[in-house]
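Engineer: Got target_36.txt for you, compact mmCIF, C-alpha atoms and all ligand atoms:
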```txt
# COMPACT_ATOMS: atom_id res chain seq x y z
CA MET A 1305 53.97 94.38 -32.49
CA GLY A 1306 52.38 93.51 -35.78
CA GLN A 1307 53.70 94.11 -39.24
CA VAL A 1308 53.34 97.79 -40.04
CA SER A 1309 51.93 97.74 -43.54
CA GLY A 1310 50.70 100.22 -46.13
CA SER A 1311 52.53 101.92 -48.95
CA ASP A 1312 52.82 105.26 -47.20
CA ASP A 1313 52.76 106.74 -43.76
CA ALA A 1314 49.03 107.39 -43.85
CA LEU A 1315 47.37 107.13 -40.46
CA LEU A 1316 44.51 104.66 -40.20
CA LEU A 1317 42.99 106.58 -37.29
CA GLU A 1318 43.89 110.20 -36.75
CA LEU A 1319 42.89 113.01 -34.41
CA VAL A 1320 43.56 116.48 -35.80
CA GLY A 1321 43.42 119.60 -33.63
CA ILE A 1322 41.05 118.01 -31.12
CA SER A 1323 39.95 120.05 -28.12
CA VAL A 1324 37.59 118.68 -25.48
CA GLU A 1325 35.90 120.68 -22.74
CA TYR A 1326 34.00 119.28 -19.77
CA GLY A 1327 32.33 122.51 -18.73
CA ALA A 1328 35.12 124.78 -17.54
CA VAL A 1329 37.75 121.99 -17.74
CA ARG A 1330 39.71 121.90 -21.01
CA ALA A 1331 40.72 118.23 -20.99
CA LEU A 1332 42.37 118.25 -24.44
CA ASP A 1333 43.85 121.37 -26.00
CA ASP A 1334 44.33 121.14 -29.76
CA ILE A 1335 45.95 117.72 -29.84
CA SER A 1336 46.91 115.80 -32.98
CA MET A 1337 47.89 112.14 -32.97
CA GLY A 1338 47.18 108.90 -34.73
CA VAL A 1339 48.00 105.30 -35.43
CA ARG A 1340 49.13 103.57 -38.63
CA LYS A 1341 47.85 100.19 -39.74
CA GLY A 1342 49.51 97.43 -37.71
CA GLU A 1343 51.03 99.77 -35.13
CA VAL A 1344 50.78 99.45 -31.36
CA VAL A 1345 50.82 102.96 -29.88
CA ALA A 1346 50.74 103.96 -26.22
CA VAL A 1347 49.26 107.11 -24.74
CA MET A 1348 51.00 107.93 -21.47
CA GLY A 1349 51.04 110.75 -18.96
CA PRO A 1350 50.17 111.67 -15.38
CA ASN A 1351 46.69 111.51 -13.84
CA GLY A 1352 44.31 113.97 -15.46
CA ALA A 1353 46.58 114.52 -18.51
CA GLY A 1354 43.67 113.67 -20.82
CA LYS A 1355 44.61 110.12 -21.86
CA SER A 1356 41.17 108.51 -21.45
CA THR A 1357 39.60 111.53 -23.09
CA VAL A 1358 41.61 110.82 -26.27
CA LEU A 1359 39.93 107.43 -26.61
CA LYS A 1360 36.51 108.82 -25.67
CA ALA A 1361 36.90 111.57 -28.29
CA VAL A 1362 37.39 108.88 -30.96
CA MET A 1363 34.34 106.94 -29.75
CA GLY A 1364 32.04 109.97 -29.69
CA LEU A 1365 31.90 109.80 -25.88
CA ALA A 1366 33.57 113.15 -25.06
CA PRO A 1367 32.40 116.72 -25.68
CA VAL A 1368 34.68 117.67 -28.61
CA VAL A 1369 34.55 121.45 -29.14
CA SER A 1370 36.91 121.62 -32.13
CA GLY A 1371 38.98 119.42 -34.40
CA GLN A 1372 38.21 116.27 -36.33
CA VAL A 1373 38.75 112.53 -36.03
CA TYR A 1374 39.65 110.81 -39.32
CA TRP A 1375 39.15 107.11 -40.05
CA ARG A 1376 40.90 105.85 -43.17
CA GLN A 1377 41.48 109.51 -44.13
CA ARG A 1378 37.75 110.33 -43.98
CA PRO A 1379 36.02 112.33 -41.25
CA LEU A 1380 34.56 109.99 -38.63
CA ALA A 1381 31.20 111.46 -37.76
CA ALA A 1382 29.22 108.37 -36.78
CA ALA A 1383 27.37 107.70 -33.51
CA THR A 1384 29.19 105.50 -30.98
CA HIS A 1385 27.44 102.23 -31.94
CA GLU A 1386 28.14 102.94 -35.62
CA ILE A 1387 31.83 103.51 -34.86
CA VAL A 1388 32.04 99.94 -33.53
CA LYS A 1389 30.59 98.67 -36.81
CA GLU A 1390 33.18 100.77 -38.68
CA GLY A 1391 35.88 98.55 -37.13
CA ILE A 1392 36.96 100.43 -34.00
CA ALA A 1393 36.51 98.66 -30.65
CA PHE A 1394 36.84 100.32 -27.25
CA VAL A 1395 37.75 98.37 -24.11
CA PRO A 1396 36.94 100.81 -21.30
CA GLN A 1397 38.76 101.36 -18.05
CA GLY A 1398 37.53 99.12 -15.23
CA ARG A 1399 36.62 96.27 -17.63
CA ARG A 1400 32.84 96.82 -17.30
CA VAL A 1401 31.92 93.18 -17.83
CA PHE A 1402 28.30 92.14 -17.30
CA THR A 1403 28.68 90.24 -14.03
CA HIS A 1404 25.19 88.68 -14.18
CA LEU A 1405 25.84 87.15 -17.62
CA THR A 1406 27.94 84.12 -18.55
CA ILE A 1407 31.30 84.43 -20.28
CA THR A 1408 29.76 83.40 -23.60
CA GLU A 1409 26.91 85.91 -23.22
CA ASN A 1410 29.41 88.66 -22.36
CA LEU A 1411 31.41 87.87 -25.50
CA GLU A 1412 28.28 87.89 -27.63
CA MET A 1413 27.58 91.44 -26.44
CA GLY A 1414 30.64 92.49 -28.43
CA CYS A 1415 28.82 91.87 -31.70
CA ILE A 1416 25.20 92.26 -30.65
CA TYR A 1417 24.42 94.00 -33.95
CA LEU A 1418 25.50 90.96 -35.98
CA SER A 1419 22.60 88.86 -37.30
CA ASP A 1420 24.77 86.25 -39.08
CA ARG A 1421 24.79 83.42 -36.51
CA ALA A 1422 27.47 81.42 -38.28
CA GLU A 1423 29.79 84.43 -38.27
CA LYS A 1424 29.04 85.03 -34.59
CA ALA A 1425 29.92 81.38 -33.84
CA ARG A 1426 33.15 81.69 -35.84
CA ARG A 1427 34.16 84.77 -33.87
CA LEU A 1428 33.35 83.06 -30.56
CA ASP A 1429 35.53 80.11 -31.55
CA SER A 1430 38.46 82.28 -32.52
CA VAL A 1431 38.26 84.44 -29.38
CA MET A 1432 38.05 81.33 -27.19
CA GLU A 1433 41.05 79.87 -28.99
CA LEU A 1434 43.00 83.05 -28.21
CA PHE A 1435 41.85 83.01 -24.57
CA PRO A 1436 41.72 79.37 -23.34
CA VAL A 1437 40.54 80.56 -19.90
CA LEU A 1438 37.38 81.98 -21.47
CA HIS A 1439 36.70 78.68 -23.19
CA GLU A 1440 37.25 76.76 -19.99
CA LYS A 1441 34.85 79.01 -18.05
CA ARG A 1442 32.45 79.77 -20.88
CA ARG A 1443 29.34 78.71 -18.92
CA ASP A 1444 30.35 80.49 -15.68
CA MET A 1445 29.02 83.87 -14.66
CA ALA A 1446 31.48 86.71 -15.16
CA SER A 1447 31.08 87.56 -11.47
CA ALA A 1448 32.95 84.33 -10.65
CA MET A 1449 36.08 85.46 -12.52
CA SER A 1450 39.18 87.12 -11.09
CA GLY A 1451 40.14 90.67 -12.09
CA GLY A 1452 42.71 89.37 -14.58
CA GLN A 1453 40.23 86.97 -16.13
CA GLN A 1454 37.65 89.76 -16.39
CA GLN A 1455 40.26 91.85 -18.23
CA MET A 1456 40.79 88.98 -20.67
CA LEU A 1457 37.01 88.84 -21.08
CA ALA A 1458 36.88 92.58 -21.79
CA LEU A 1459 39.63 92.17 -24.42
CA GLY A 1460 37.81 89.19 -25.92
CA ARG A 1461 34.52 91.10 -26.04
CA GLY A 1462 36.29 93.91 -27.90
CA LEU A 1463 37.67 91.40 -30.42
CA MET A 1464 34.19 89.95 -31.06
CA GLY A 1465 33.56 93.02 -33.20
CA ALA A 1466 36.45 91.87 -35.45
CA PRO A 1467 37.95 95.35 -35.12
CA GLU A 1468 40.71 96.80 -37.23
CA VAL A 1469 41.64 99.09 -34.34
CA LEU A 1470 41.44 98.25 -30.65
CA LEU A 1471 41.37 101.13 -28.16
CA LEU A 1472 42.41 99.98 -24.68
CA ASP A 1473 41.95 102.17 -21.61
CA GLU A 1474 44.25 101.14 -18.74
CA PRO A 1475 44.04 97.36 -19.31
CA THR A 1476 46.32 96.55 -16.35
CA LEU A 1477 44.75 98.85 -13.77
CA GLY A 1478 44.37 97.19 -10.35
CA LEU A 1479 45.96 93.88 -11.39
CA ALA A 1480 48.75 91.99 -9.61
CA PRO A 1481 52.22 92.25 -11.27
CA ILE A 1482 52.16 88.67 -12.60
CA ILE A 1483 48.73 89.26 -14.18
CA VAL A 1484 49.90 92.60 -15.61
CA LYS A 1485 52.60 90.65 -17.50
CA GLU A 1486 49.97 88.25 -18.87
CA VAL A 1487 47.78 91.11 -20.06
CA PHE A 1488 50.68 92.83 -21.86
CA ALA A 1489 51.69 89.50 -23.42
CA LYS A 1490 48.11 89.01 -24.63
CA VAL A 1491 47.96 92.51 -26.11
CA ALA A 1492 51.22 91.80 -27.98
CA GLU A 1493 49.81 88.46 -29.16
CA ILE A 1494 46.64 90.14 -30.47
CA SER A 1495 48.83 92.52 -32.47
CA GLU A 1496 51.03 89.69 -33.83
CA ARG A 1497 48.39 87.05 -34.55
CA LEU A 1498 45.44 89.17 -35.66
CA ASP A 1499 47.41 92.14 -37.01
CA THR A 1500 45.07 94.38 -35.01
CA THR A 1501 46.11 98.01 -34.76
CA ILE A 1502 46.17 99.06 -31.10
CA MET A 1503 46.09 102.34 -29.18
CA VAL A 1504 46.59 101.76 -25.47
CA VAL A 1505 46.32 104.19 -22.57
CA GLU A 1506 48.59 102.92 -19.78
CA HIS A 1507 49.99 104.08 -16.48
CA ASN A 1508 52.43 101.13 -16.35
CA ILE A 1509 55.16 102.81 -18.36
CA LYS A 1510 57.84 100.14 -18.16
CA GLY A 1511 55.50 97.33 -19.16
CA VAL A 1512 53.82 99.15 -21.99
CA LEU A 1513 57.04 100.50 -23.55
CA ASP A 1514 58.14 96.88 -24.04
CA ILE A 1515 55.22 96.11 -26.36
CA VAL A 1516 54.64 99.29 -28.38
CA ASP A 1517 56.09 100.69 -31.61
CA ARG A 1518 55.54 104.29 -30.58
CA ALA A 1519 54.19 106.33 -27.71
CA TYR A 1520 52.65 109.73 -27.13
CA VAL A 1521 53.23 111.53 -23.84
CA LEU A 1522 50.42 113.83 -22.77
CA ASP A 1523 50.60 116.53 -20.14
CA LYS A 1524 47.77 118.87 -19.18
CA GLY A 1525 45.82 118.13 -22.34
CA THR A 1526 48.66 118.58 -24.83
CA VAL A 1527 51.08 116.22 -26.59
CA VAL A 1528 54.58 116.85 -25.21
CA HIS A 1529 56.36 113.92 -26.91
CA ASN A 1530 55.77 111.48 -29.76
CA GLY A 1531 58.36 108.85 -30.50
CA THR A 1532 59.70 105.32 -30.23
CA PRO A 1533 60.13 103.66 -26.82
CA GLU A 1534 63.89 104.21 -27.22
CA SER A 1535 63.38 107.95 -27.77
CA ILE A 1536 61.34 108.08 -24.59
CA ARG A 1537 63.83 106.06 -22.55
CA GLU A 1538 66.65 108.33 -23.79
CA THR A 1539 65.03 111.58 -22.64
CA ASP A 1540 63.81 112.68 -19.24
CA ILE A 1541 60.40 113.64 -20.62
CA LEU A 1542 58.55 111.19 -18.38
CA THR A 1543 60.39 112.35 -15.27
CA GLN A 1544 59.55 115.92 -16.23
CA VAL A 1545 55.83 115.36 -16.73
CA PHE A 1546 55.40 113.03 -13.77
CA LEU A 1547 57.24 115.44 -11.48
CA GLY A 1548 55.30 118.38 -12.93
CA ARG A 1549 58.35 120.08 -14.47
CA ALA A 1550 57.28 120.02 -18.14
N1 LIG B 1601 33.05 113.55 -17.27
C1 LIG B 1601 33.88 114.51 -16.86
N2 LIG B 1601 33.41 115.65 -16.32
C2 LIG B 1601 34.25 116.63 -15.92
N3 LIG B 1601 35.59 116.57 -16.01
C3 LIG B 1601 36.11 115.46 -16.54
C4 LIG B 1601 35.29 114.37 -16.98
N4 LIG B 1601 36.10 113.38 -17.45
C5 LIG B 1601 37.36 113.85 -17.32
N5 LIG B 1601 37.38 115.07 -16.77
C6 LIG B 1601 38.56 115.91 -16.49
O1 LIG B 1601 39.31 116.01 -17.69
C7 LIG B 1601 40.71 115.91 -17.44
C8 LIG B 1601 41.28 114.74 -18.21
O2 LIG B 1601 40.72 113.52 -17.72
P1 LIG B 1601 41.11 112.08 -18.28
O3 LIG B 1601 40.29 111.08 -17.53
O4 LIG B 1601 41.07 112.07 -19.75
O5 LIG B 1601 42.63 112.01 -17.82
P2 LIG B 1601 43.59 110.75 -17.74
O6 LIG B 1601 44.90 111.22 -18.24
O7 LIG B 1601 42.97 109.59 -18.40
O8 LIG B 1601 43.68 110.56 -16.17
P3 LIG B 1601 43.68 109.22 -15.27
O9 LIG B 1601 45.03 108.63 -15.41
O10 LIG B 1601 43.46 109.79 -13.89
O11 LIG B 1601 42.56 108.36 -15.74
C9 LIG B 1601 40.84 115.78 -15.91
O12 LIG B 1601 41.06 117.06 -15.39
C10 LIG B 1601 39.51 115.23 -15.49
O13 LIG B 1601 39.19 115.62 -14.17
```
Starting from the coordinates I provided, produce the structure as structure tokens.

Structural biologist:
Amino acid sequence: MGQVSGSDDALLLELVGISVEYGAVRALDDISMGVRKGEVVAVMGPNGAGKSTVLKAVMGLAPVVSGQVYWRQRPLAAATHEIVKEGIAFVPQGRRVFTHLTITENLEMGCIYLSDRAEKARRLDSVMELFPVLHEKRRDMASAMSGGQQQMLALGRGLMGAPEVLLLDEPTLGLAPIIVKEVFAKVAEISERLDTTIMVVEHNIKGVLDIVDRAYVLDKGTVVHNGTPESIRETDILTQVFLGRA
């Protein structure tokens, strides 16, 4: 968890009254949430609660029917590729690495819009320093990497945009327990070393609560809890939503 800075409680990234509809399915129903500079915030909840849709709504990838996303207290109305340039990176569920490209080429895709070659090289160096495995395998094709290594690559590619906020969608999905620990440790390290603000959607409740400052619990498209990991551990809110009693 990085240093939470700023003179007030202003949210760096904020969703206000957001509703999303996929045809007849109301995936998010008037939700409000956000993240302060330096915070690591989790979004948790059962399958279909709307967690991924929260991140997609920020990135302009979900059909928002009402509400507004604010970035540094200003409405965020840019197209998806512009949002990345604004300083918000999205690491999608399932990693989505380019298997037919090398590790280096995959990383470079994270700042494809950048024409400054020296800056691109600087970012490559710093990402490879953070992820020694990517440096070691930099000339290998991504298809030759394990699931855990591909997740590190997806994180590294997100960081190539030098983001202020990193949005992570289920970074530990499908990984072995020992690798899950490594991924959480790396997310915590990114927060500590780079002071990156992080919003992470996770199904691994125990693991994620150990690395976040705060968490939102979603159920059926609404926010049913917002608080510290301690506040969540002290209530039975998770039992209620996961057993369908909320
Ligand atoms: N592209 C889509 N078209 C239609 N319905 C969708 C689409 N994407 C999501 N939904 C529906 O919206 C609701 C919320 O989905 P979302 O993926 O955000 O949930 P989630 O909490 O991330 O779930 P999971 O843990 O299963 O990924 C679900 O009912 C889902 O079926």

Engineer: Show me a table, sorted first by chain and then by increasing residue number, of the residues of chain A having an atom at most 6 Å from ligand LIG 1601 (chain B), each with its shortest atom pair and the distance in Å to one decimal, counting all atoms listed in the file and written as CSV.

Structural biologist:
```
residue,atom,partner,partner_atom,distance
A:Tyr1326,CA,B:LIG1601,C2,4.7
A:Ala1331,CA,B:LIG1601,O1,4.2
A:Pro1350,CA,B:LIG1601,O9,6.0
A:Asn1351,CA,B:LIG1601,O10,3.7
A:Gly1352,CA,B:LIG1601,O5,3.5
A:Ala1353,CA,B:LIG1601,O6,3.7
A:Gly1354,CA,B:LIG1601,O4,3.2
A:Lys1355,CA,B:LIG1601,O6,3.8
A:Ser1356,CA,B:LIG1601,O7,3.7
A:Thr1357,CA,B:LIG1601,O4,3.7
```

Engineer: Out of A:Tyr1417, A:Glu1412, A:Ala1480, A:Ile1407, which residue has the shortest atom-to-atom distance to Ala1448 (chain A) when counting all atoms listed in the file?

Structural biologist: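 Answer, going by the shortest atom-to-atom distance: A:Ile1407.
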
Engineer: Rank nothing, just name the residue among A:Glu1440, A:Glu1409, A:Glu1468, A:Glu1318 nearest to Gly1391 (chain A), using all atoms listed in the file.

Structural biologist: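 Checking each of A:Glu1440, A:Glu1409, A:Glu1468, A:Glu1318 against Gly1391 (chain A), counting all atoms listed in the file, the winner is A:Glu1468.
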
Engineer: With all atoms listed in the file as the atoms that count, which of A:Ala1489, A:Met1363, A:Val1521, A:Val1437 lies nearest to Asp1540 (chain A)?

Structural biologist: A:Val1521

Engineer: I want to know what sits within 10 Å of Leu1359 (chain A), based on all atoms listed in the file, with residues of the same chain fewer than 6 positions away left out; could you give that as a ChimeraX atom specification?

Structural biologist: /A:1347,1365-1366,1394-1396,1471-1473,1503-1505

Engineer: Hey, could you pull the box centre and edge lengths for region 1357-1373 of chain A, axis-aligned, 3 Å padding per side, all listed atoms, to one decimal in Å, as lines of an AutoDock Vina configuration file?

Structural biologist:
```
center_x = 36.8
center_y = 114.3
center_z = -29.7
size_x = 15.7
size_y = 20.7
size_z = 19.2
```

Engineer: Taking all atoms listed in the file into account, which of A:Leu1316, A:Ala1382, A:Leu1547, A:Val1358 comes nearest Val1527 (chain A)?

Structural biologist: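 Among A:Leu1316, A:Ala1382, A:Leu1547, A:Val1358, it is A:Val1358 that comes nearest to Val1527 (chain A).
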
Engineer: Rank A:Val1320, A:Leu1315, A:Leu1428, A:Leu1479 by their smallest atom-to-atom distance to Arg1442 (chain A), using only C-alpha atoms, and report the top residue only.

Structural biologist: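 The closest residue to Arg1442 (chain A) is A:Leu1428.
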
Engineer: Which of these, A:Ala1381, A:Val1487, A:Ile1482, A:Ile1494, has the shortest distance to Val1512 (chain A) once you count only C-alpha atoms?

Structural biologist: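 Checking each of A:Ala1381, A:Val1487, A:Ile1482, A:Ile1494 against Val1512 (chain A), counting only C-alpha atoms, the winner is A:Val1487.
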
Engineer: Tell me, in Å to one decimal, how far CA of Gln1397 (chain A) is from CA of Val1362 (chain A).

Structural biologist: 15.0 Å

Engineer: One decimal, in Å: what's the spacing between CA of Glu1390 (chain A) and CA of Phe1488 (chain A)?

Structural biologist: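 CA of Phe1488 (chain A) lies at a distance of 25.5 Å from CA of Glu1390 (chain A).
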
Engineer: Find the distance between CA of Gly1338 (chain A) and CA of Arg1497 (chain A) and write it in Å to one decimal.

Structural biologist: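 These two atoms are separated by 21.9 Å.
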
Engineer: Do you know which residues are at most 7 Å from Glu1325 (chain A) counting only C-alpha atoms, after dropping those on the same chain fewer than 3 positions away, and could you put them as a short mmCIF file (atom, residue, chain, number, x, y, z; two decimals) with C-alpha atoms, in the coordinates of the input?

Structural biologist:
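Result went into selection.cif, see below:
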```cif
data_model
loop_
_atom_site.label_atom_id
_atom_site.label_comp_id
_atom_site.auth_asym_id
_atom_site.auth_seq_id
_atom_site.Cartn_x
_atom_site.Cartn_y
_atom_site.Cartn_z
CA ALA A 1328 35.12 124.78 -17.54
CA VAL A 1329 37.75 121.99 -17.74
CA ARG A 1330 39.71 121.90 -21.01
CA ALA A 1331 40.72 118.23 -20.99
CA PRO A 1367 32.40 116.72 -25.68
CA VAL A 1368 34.68 117.67 -28.61
CA VAL A 1369 34.55 121.45 -29.14
#
```

Engineer: Quick one: everything within 12 Å of Asp1313 (chain A), counting only C-alpha atoms, minus sequence neighbours fewer than 4 positions away in the same chain. Send it as a PyMOL selection string.

Structural biologist: chain A and resi 1308-1309+1317-1318+1338-1343+1376-1377
